[in-house]
There are 2 protein chains.
Amino acid sequence: MRILVVDDDAQILKALRINLAARGYDVSLARSGPEALDVAAKTKPELVLLDLGLPGFSGIQVIEGLRGWTEVPILVVSGRSDSADKVDALDAGADDYVTKPFAIDELLARIRALSRRATTEPDEPITRFGDVVVNLAGHTVTKAGEAVKLTPTEWHILEVLVRNPRRLVTKHFLLTSVWGPGYEKEDGYLRLYLAQLRKKLEPEPSRPRYLLTEPGMGYRFAPDAG
Amino acid sequence: MRILVVDDDAQILKALRINLAARGYDVSLARSGPEALDVAAKTKPELVLLDLGLPGFSGIQVIEGLRGWTEVPILVVSGRSDSADKVDALDAGADDYVTKPFAIDELLARIRALSRRATTEPDEPITRFGDVVVNLAGHTVTKAGEAVKLTPTEWHILEVLVRNPRRLVTKHFLLTSVWGPGYEKEDGYLRLYLAQLRKKLEPEPSRPRYLLTEPGMGYRFAPDAG
DNA sequence: AGACGCCGTGAGGAATTCGTTAGGACCGGA
DNA sequence: TCCGGTCCTAACGAATTCCTCACGGCGTCT
């Protein structure tokens with residue numbers, strides 16, 4: 001059983017890792033929000049233990065980022081005992097909320113209670129870059145957990161690029177894929193729609209990190225540029 | 001959504017009933033352990049709110065009694081904040097544990113979090129959205145508890161959408177599923193029947209929350225938009 | 001420097017698509 | 001025959017999307 005532990009306090013991280021490993025759990029670690037999303041996508045944990053007090057990244061954002069593509073049980077650990085904080089975290093998609101200081105026995109019991117309900121549903125294949133999640137099967141795109149609306153043409157171009165990660169996709173190939181044969185000369189279309197995709201998906205649309213231009217040749221999708 | 005509240009304190013019972021009813025929950029009450037098991041068997045609640053401090057009957061026994069035949073989510077409310085009590089209750093099969101005194105907002109948020117994961121009976125594949133319940137096996141649809149009459153075509157479209165939750169269903173796929181091959185161009189049909197479905201099922205037919213349009217591409221059923 | 005090709009950006013009208021309404025064709029049952 | 005229900009056709013504004021056009025930046029070649 002894989003558990004992802006997210007905390008910025010190295011001491012707590014260590015204590016949890018030892019305690020959980022001793023109970024037979026397979027523990028992954030993350031020290032920040034972005035790292036948590038990244039590790040979660042890679043290791044596909046069956047439960048997430050999340051400290052809300054992360055520096056520079058709201059814990060709610062982590063919850064929403066996870067909920068954009070997975071229903072993994074999330075147990076929030078927080079120093080804040082304020083009722084509003086609990087409500088926000090639970091409504092964002094967390095499954096349980098424990099305040100520090102906590103008894104390790106109770107935490108383990110809550111982990112057992114949550115993992116009892118763990119559904120081992122087969123997750124759909126997804127592609128992640130930055131805070132964007134693309135689900136090709138379900139035709140959904142989310143950015144920081146929120147749905148992104150794409151027009152048919154935008155989606156079609158994104159799909160071709162995502163299906164050819166790290167590879168150069170020529171203008172000719174893109175044009176014929178989306179508009180069919182006979183549109184080989186209309187590369188103004190590509191400039192237009194690539195700009196729209198970047199505006200909707202890139203962190204800095206004027207300086208693309210994932211949807212790159214190869215001058216004179218075409219475009220390239222770079223998933224792991226972050 | 002039916003909730004069974006088990007408590008021996010008449011005052012707390014009344015307060016919870018009023019608060020839950022105000023949120024649209026359908027509340028059943030029980031004042032003792034045996035009564036709780038009895039009422040649960042009769043009303044088949046979708047969530048149980050259980051006070052551990054019942055006279056003459058251990059709360060653990062109630063949990064075990066329920067777990068003998070149902071997996072309904074159990075939220076324990078208790079005056080005891082001792083770690084061992086929590087571990088016992090959770091390991092007996094409870095899903096969450098809140099100590100008194102508690103904030104009503106937090107309790108409601110935890111109820112929402114638990115009911116999100118409410119498992120539907122394996123025999124009857126049931127889909128819920130808003131106050132609508134779709135029983136795919138039984139070909140029945142209810143809204144706010146009352147039966148909704150659907151024409152064969154309406155049902156067929158709803159079935160395709162519900163069987164592909166959160167996924168985009170293209171116009172082409174819908175048309176060929178319902179009318180067979182050769183009707184790919186007749187997307188006026190879809191506009192017509194989607195409008196009828198929305199009129200019968202959506203809380204605000206003119207502003208759909210569950211049966212969504214993806215302009216240019218097709219339609220999407222979003223179960224958890226509420 | 002100047003010309004040229006290529007790319008990014010913005011604005012605005014054309015074209016398509018969607019939601020809605022109304023009404024006729026068809027069919028089985030009373 | 002009449003009637004209720006269902007399916008389909010047709011048409012209209014409204015919203016959305018697509019495309020045209022124009023302009024400016026940047027690098028390369030003459």
# chains A, B, ... in the order shown; residues from 1 in each chain; ligands from 1

call {"tool": "residues_around", "arguments": {"residues": "range 14-21 of chain D", "least_positions_apart": "5", "cutoff": "10 Å", "atoms": "only C-alpha atoms (C1' of nucleotides)", "output": "list in words"}}
result
Thr151, Pro152, Thr153, Tyr189 and Leu192 of chain A; Pro215 and Gly216 of chain B; DA11, DG12, DG13, DA14, DA15, DT16, DT17, DC18 and DG19 of chain C

call {"tool": "residues_around", "arguments": {"residues": "DG10 in chain C", "least_positions_apart": "6", "cutoff": "12 Å", "atoms": "only C-alpha atoms (C1' of nucleotides)", "output": "list of chain:residue names"}}
result
A:Leu192, A:Ala195, A:Gln196, D:DC21, D:DA22, D:DC23, D:DG24

call {"tool": "write_last_selection", "arguments": {"atoms": "N, CA and C atoms (P, O5', C5', C4', C3', O3' and C1' of nucleotides)", "output": "PDB file, in the first residue's frame"}}
result
ATOM      1  N   LEU A 192      -2.321  31.195 -34.891  1.00  0.00           N
ATOM      2  CA  LEU A 192      -3.499  31.671 -34.171  1.00  0.00           C
ATOM      3  C   LEU A 192      -3.885  30.723 -33.029  1.00  0.00           C
ATOM      4  N   ALA A 195      -1.359  30.193 -30.204  1.00  0.00           N
ATOM      5  CA  ALA A 195      -1.408  31.329 -29.278  1.00  0.00           C
ATOM      6  C   ALA A 195      -2.547  31.143 -28.278  1.00  0.00           C
ATOM      7  N   GLN A 196      -3.694  30.688 -28.761  1.00  0.00           N
ATOM      8  CA  GLN A 196      -4.838  30.496 -27.854  1.00  0.00           C
ATOM      9  C   GLN A 196      -4.564  29.390 -26.849  1.00  0.00           C
TER      10      GLN A 196
ATOM     11  P    DC D  21      -8.785  38.644 -46.462  1.00  0.00           P
ATOM     12  O5'  DC D  21      -8.193  39.793 -45.516  1.00  0.00           O
ATOM     13  C5'  DC D  21      -9.094  40.623 -44.766  1.00  0.00           C
ATOM     14  C4'  DC D  21      -8.320  41.454 -43.776  1.00  0.00           C
ATOM     15  C3'  DC D  21      -6.968  41.987 -44.269  1.00  0.00           C
ATOM     16  O3'  DC D  21      -7.029  43.396 -44.364  1.00  0.00           O
ATOM     17  C1'  DC D  21      -6.838  41.137 -42.041  1.00  0.00           C
ATOM     18  P    DA D  22      -5.764  44.187 -45.002  1.00  0.00           P
ATOM     19  O5'  DA D  22      -5.059  44.777 -43.701  1.00  0.00           O
ATOM     20  C5'  DA D  22      -5.860  45.298 -42.638  1.00  0.00           C
ATOM     21  C4'  DA D  22      -4.992  45.453 -41.408  1.00  0.00           C
ATOM     22  C3'  DA D  22      -3.585  45.989 -41.692  1.00  0.00           C
ATOM     23  O3'  DA D  22      -3.379  47.207 -40.999  1.00  0.00           O
ATOM     24  C1'  DA D  22      -3.527  44.101 -40.241  1.00  0.00           C
ATOM     25  P    DC D  23      -2.062  48.075 -41.268  1.00  0.00           P
ATOM     26  O5'  DC D  23      -1.155  47.711 -40.005  1.00  0.00           O
ATOM     27  C5'  DC D  23      -1.710  47.858 -38.691  1.00  0.00           C
ATOM     28  C4'  DC D  23      -0.755  47.244 -37.690  1.00  0.00           C
ATOM     29  C3'  DC D  23       0.708  47.657 -37.875  1.00  0.00           C
ATOM     30  O3'  DC D  23       1.151  48.328 -36.707  1.00  0.00           O
ATOM     31  C1'  DC D  23       0.490  45.323 -37.543  1.00  0.00           C
ATOM     32  P    DG D  24       2.620  49.002 -36.666  1.00  0.00           P
ATOM     33  O5'  DG D  24       3.456  47.946 -35.839  1.00  0.00           O
ATOM     34  C5'  DG D  24       2.993  47.542 -34.552  1.00  0.00           C
ATOM     35  C4'  DG D  24       3.964  46.534 -33.970  1.00  0.00           C
ATOM     36  C3'  DG D  24       5.443  46.882 -34.163  1.00  0.00           C
ATOM     37  O3'  DG D  24       6.151  46.641 -32.966  1.00  0.00           O
ATOM     38  C1'  DG D  24       4.994  44.750 -35.076  1.00  0.00           C
TER      39       DG D  24
END

call {"tool": "select_by_dssp", "arguments": {"residues": "range 12-224 of chain A", "states": "alpha helix (DSSP H)", "output": "JSON, numbers by chain"}}
result
{"A": [12, 13, 14, 15, 16, 17, 18, 19, 20, 21, 22, 33, 34, 35, 36, 37, 38, 39, 40, 41, 42, 43, 59, 60, 61, 62, 63, 64, 65, 66, 67, 83, 84, 85, 86, 87, 88, 89, 90, 91, 92, 104, 105, 106, 107, 108, 109, 110, 111, 112, 113, 114, 115, 116, 152, 153, 154, 155, 156, 157, 158, 159, 160, 161, 162, 171, 172, 173, 174, 175, 176, 177, 178, 179, 187, 188, 189, 190, 191, 192, 193, 194, 195, 196, 197, 198, 199, 200, 201]}

call {"tool": "select_by_dssp", "arguments": {"residues": "range 51-139 of chain A", "states": "strand (DSSP E or B)", "output": "list in words"}}
result
Asp51, Ile74, Leu75, Val76, Val77, Ser78, Asp96, Tyr97, Val98, Thr99, Thr127, Arg128, Phe129, Val132, Val133, Val134 and Asn135 of chain A

call {"tool": "write_last_selection", "arguments": {"atoms": "C-alpha atoms", "output": "PDB file, in the first residue's frame"}}
result
ATOM      1  CA  ASP A  51       0.171  18.965   5.757  1.00  0.00           C
ATOM      2  CA  ILE A  74      -6.631  12.563   1.213  1.00  0.00           C
ATOM      3  CA  LEU A  75      -5.993  12.874   4.956  1.00  0.00           C
ATOM      4  CA  VAL A  76      -5.140  16.441   5.945  1.00  0.00           C
ATOM      5  CA  VAL A  77      -2.850  17.121   8.897  1.00  0.00           C
ATOM      6  CA  SER A  78      -2.788  20.707  10.049  1.00  0.00           C
ATOM      7  CA  ASP A  96     -10.404  13.605   6.797  1.00  0.00           C
ATOM      8  CA  TYR A  97      -8.765  16.320   8.856  1.00  0.00           C
ATOM      9  CA  VAL A  98      -6.560  15.875  11.918  1.00  0.00           C
ATOM     10  CA  THR A  99      -5.112  18.714  13.972  1.00  0.00           C
ATOM     11  CA  THR A 127      -0.659  13.560 -19.400  1.00  0.00           C
ATOM     12  CA  ARG A 128       0.648  16.175 -17.011  1.00  0.00           C
ATOM     13  CA  PHE A 129       2.749  19.273 -17.580  1.00  0.00           C
ATOM     14  CA  VAL A 132      -2.145  21.146 -16.373  1.00  0.00           C
ATOM     15  CA  VAL A 133      -3.709  17.694 -16.648  1.00  0.00           C
ATOM     16  CA  VAL A 134      -4.853  16.362 -20.013  1.00  0.00           C
ATOM     17  CA  ASN A 135      -7.142  13.333 -20.139  1.00  0.00           C
TER      18      ASN A 135
END

call {"tool": "calpha_fit_rmsd", "arguments": {"fixed": "chain B", "moving": "chain A"}}
result
14.4 Å

call {"tool": "atom_distance", "arguments": {"atom1": "CA of Trp155 in chain A", "atom2": "CA of Ala137 in chain A"}}
result
12.3 Å

call {"tool": "residues_around", "arguments": {"residues": "Gly79 in chain B", "least_positions_apart": "2", "cutoff": "8 Å", "atoms": "only C-alpha atoms (C1' of nucleotides)", "output": "list in words"}}
result
Leu52, Gly53, Val77, Ser81, Thr99, Lys100 and Pro101 of chain B

call {"tool": "interface_residues", "arguments": {"of": "chain A", "to": "chain B", "cutoff": "7 Å", "atoms": "only C-alpha atoms", "output": "PyMOL selection string"}}
result
chain A and resi 83+86-87+90-91+95+103+105-106+109-110+113+138-139+152

call {"tool": "write_last_selection", "arguments": {"atoms": "C-alpha atoms", "output": "tab-separated table (two decimals), in the first residue's frame"}}
result
chain	number	residue	atom	x	y	z
A	83	SER	CA	-13.43	25.25	11.96
A	86	LYS	CA	-11.48	22.26	8.18
A	87	VAL	CA	-14.61	23.04	6.18
A	90	LEU	CA	-13.04	18.94	3.36
A	91	ASP	CA	-15.18	20.68	0.76
A	95	ASP	CA	-11.55	13.02	3.23
A	103	ALA	CA	-1.65	10.76	18.56
A	105	ASP	CA	-2.31	5.68	17.03
A	106	GLU	CA	-5.28	7.78	16.04
A	109	ALA	CA	-6.51	4.22	12.76
A	110	ARG	CA	-7.83	6.97	10.48
A	113	ALA	CA	-10.47	3.63	8.06
A	138	GLY	CA	-12.30	11.79	-21.40
A	139	HIS	CA	-11.48	14.87	-23.44
A	152	PRO	CA	-12.81	21.78	-31.05

call {"tool": "residues_around", "arguments": {"residues": "Arg31 in chain A", "least_positions_apart": "2", "cutoff": "6 Å", "atoms": "only C-alpha atoms (C1' of nucleotides)", "output": "list in words"}}
result
Val6, Asp7 and Asp8 of chain A

call {"tool": "write_last_selection", "arguments": {"atoms": "C-alpha atoms", "output": "PDB file, in the first residue's frame"}}
result
ATOM      1  CA  VAL A   6       3.522  15.818   2.117  1.00  0.00           C
ATOM      2  CA  ASP A   7       5.126  18.023   4.759  1.00  0.00           C
ATOM      3  CA  ASP A   8       7.772  20.716   4.823  1.00  0.00           C
TER       4      ASP A   8
END

call {"tool": "interface_residues", "arguments": {"of": "chain D", "to": "chain B", "cutoff": "10 Å", "atoms": "only C-alpha atoms (C1' of nucleotides)", "output": "PDB file with C-alpha atoms (C1' of nucleotides), in the first residue's frame"}}
result
ATOM      1  C1'  DG D   5     -47.944  10.022 -26.742  1.00  0.00           C
ATOM      2  C1'  DT D   6     -43.768   9.931 -29.396  1.00  0.00           C
ATOM      3  C1'  DC D   7     -40.873  11.178 -33.131  1.00  0.00           C
ATOM      4  C1'  DC D   8     -39.413  14.201 -36.544  1.00  0.00           C
ATOM      5  C1'  DT D   9     -39.221  18.720 -39.462  1.00  0.00           C
ATOM      6  C1'  DT D  16     -19.877  30.524 -29.909  1.00  0.00           C
ATOM      7  C1'  DT D  17     -16.312  29.545 -32.949  1.00  0.00           C
TER       8       DT D  17
END

call {"tool": "residues_around", "arguments": {"residues": "DC3 in chain D", "least_positions_apart": "2", "cutoff": "10 Å", "atoms": "only C-alpha atoms (C1' of nucleotides)", "output": "PyMOL selection string"}}
result
(chain C and resi 29-30) or (chain D and resi 1+5)

call {"tool": "write_last_selection", "arguments": {"atoms": "C-alpha atoms (C1' of nucleotides)", "output": "mmCIF file, in the first residue's frame"}}
result
data_model
loop_
_atom_site.group_PDB
_atom_site.id
_atom_site.type_symbol
_atom_site.label_atom_id
_atom_site.label_comp_id
_atom_site.auth_asym_id
_atom_site.auth_seq_id
_atom_site.Cartn_x
_atom_site.Cartn_y
_atom_site.Cartn_z
ATOM 1 C "C1'" DG C 29 -55.110 1.654 -27.784
ATOM 2 C "C1'" DA C 30 -59.846 2.994 -26.365
ATOM 3 C "C1'" DT D 1 -62.784 7.240 -35.372
ATOM 4 C "C1'" DG D 5 -47.944 10.022 -26.742
#

call {"tool": "atom_distance", "arguments": {"atom1": "CA of Glu146 in chain B", "atom2": "CA of Arg207 in chain B"}}
result
22.0 Å

call {"tool": "atom_distance", "arguments": {"atom1": "CA of Val5 in chain A", "atom2": "CA of Leu29 in chain A"}}
result
5.0 Å

call {"tool": "residues_around", "arguments": {"residues": "Asp38 in chain B", "least_positions_apart": "6", "cutoff": "12 Å", "atoms": "only C-alpha atoms (C1' of nucleotides)", "output": "PyMOL selection string"}}
result
chain B and resi 4+6+28-32+44-45+62+65-66

call {"tool": "write_last_selection", "arguments": {"atoms": "N, CA and C atoms", "output": "PDB file, in the first residue's frame"}}
result
ATOM      1  N   LEU B   4     -29.353   8.754   9.557  1.00  0.00           N
ATOM      2  CA  LEU B   4     -29.835   8.269  10.843  1.00  0.00           C
ATOM      3  C   LEU B   4     -28.989   8.883  11.955  1.00  0.00           C
ATOM      4  N   VAL B   6     -28.182   8.943  15.929  1.00  0.00           N
ATOM      5  CA  VAL B   6     -28.334   8.134  17.131  1.00  0.00           C
ATOM      6  C   VAL B   6     -27.732   8.874  18.314  1.00  0.00           C
ATOM      7  N   SER B  28     -33.677  10.462  10.168  1.00  0.00           N
ATOM      8  CA  SER B  28     -34.329   9.514  11.067  1.00  0.00           C
ATOM      9  C   SER B  28     -33.643   9.608  12.425  1.00  0.00           C
ATOM     10  N   LEU B  29     -34.362   9.231  13.488  1.00  0.00           N
ATOM     11  CA  LEU B  29     -33.810   9.362  14.830  1.00  0.00           C
ATOM     12  C   LEU B  29     -33.840   8.035  15.564  1.00  0.00           C
ATOM     13  N   ALA B  30     -32.872   7.859  16.471  1.00  0.00           N
ATOM     14  CA  ALA B  30     -32.887   6.709  17.377  1.00  0.00           C
ATOM     15  C   ALA B  30     -32.230   7.134  18.681  1.00  0.00           C
ATOM     16  N   ARG B  31     -32.773   6.622  19.799  1.00  0.00           N
ATOM     17  CA  ARG B  31     -32.287   7.066  21.108  1.00  0.00           C
ATOM     18  C   ARG B  31     -31.473   6.006  21.844  1.00  0.00           C
ATOM     19  N   SER B  32     -31.373   4.828  21.282  1.00  0.00           N
ATOM     20  CA  SER B  32     -30.607   3.765  21.941  1.00  0.00           C
ATOM     21  C   SER B  32     -29.971   2.868  20.880  1.00  0.00           C
ATOM     22  N   LYS B  44     -32.870   2.116   5.938  1.00  0.00           N
ATOM     23  CA  LYS B  44     -31.718   2.036   5.036  1.00  0.00           C
ATOM     24  C   LYS B  44     -31.076   3.414   4.835  1.00  0.00           C
ATOM     25  N   PRO B  45     -30.545   3.997   5.897  1.00  0.00           N
ATOM     26  CA  PRO B  45     -29.970   5.337   5.750  1.00  0.00           C
ATOM     27  C   PRO B  45     -28.703   5.298   4.908  1.00  0.00           C
ATOM     28  N   VAL B  62     -22.903  -1.132  18.420  1.00  0.00           N
ATOM     29  CA  VAL B  62     -23.749  -0.602  17.353  1.00  0.00           C
ATOM     30  C   VAL B  62     -22.998  -0.630  16.031  1.00  0.00           C
ATOM     31  N   GLY B  65     -22.806  -4.090  14.875  1.00  0.00           N
ATOM     32  CA  GLY B  65     -24.114  -4.537  14.423  1.00  0.00           C
ATOM     33  C   GLY B  65     -24.437  -4.029  13.028  1.00  0.00           C
ATOM     34  N   LEU B  66     -24.102  -2.789  12.782  1.00  0.00           N
ATOM     35  CA  LEU B  66     -24.355  -2.226  11.447  1.00  0.00           C
ATOM     36  C   LEU B  66     -23.447  -2.881  10.406  1.00  0.00           C
TER      37      LEU B  66
END

call {"tool": "closest_residue", "arguments": {"among": "A:Tyr219, A:Phe57, A:Trp69, A:Trp179", "to": "chain C", "atoms": "only C-alpha atoms (C1' of nucleotides)"}}
result
A:Tyr219

call {"tool": "closest_residue", "arguments": {"among": "A:Pro223, A:Gly68, A:Pro203, A:Pro55", "to": "Thr142 in chain A", "atoms": "only C-alpha atoms"}}
result
A:Gly68

call {"tool": "closest_atom_pairs", "arguments": {"of": "chain C", "to": "chain A", "cutoff": "8 Å", "atoms": "only C-alpha atoms (C1' of nucleotides)", "output": "Markdown table"}}
result
| residue | atom | partner | partner_atom | distance |
| --- | --- | --- | --- | --- |
| C:DC6 | C1' | A:Gly216 | CA | 7.1 |
| C:DC7 | C1' | A:Arg191 | CA | 7.3 |
| C:DG8 | C1' | A:Arg191 | CA | 7.1 |
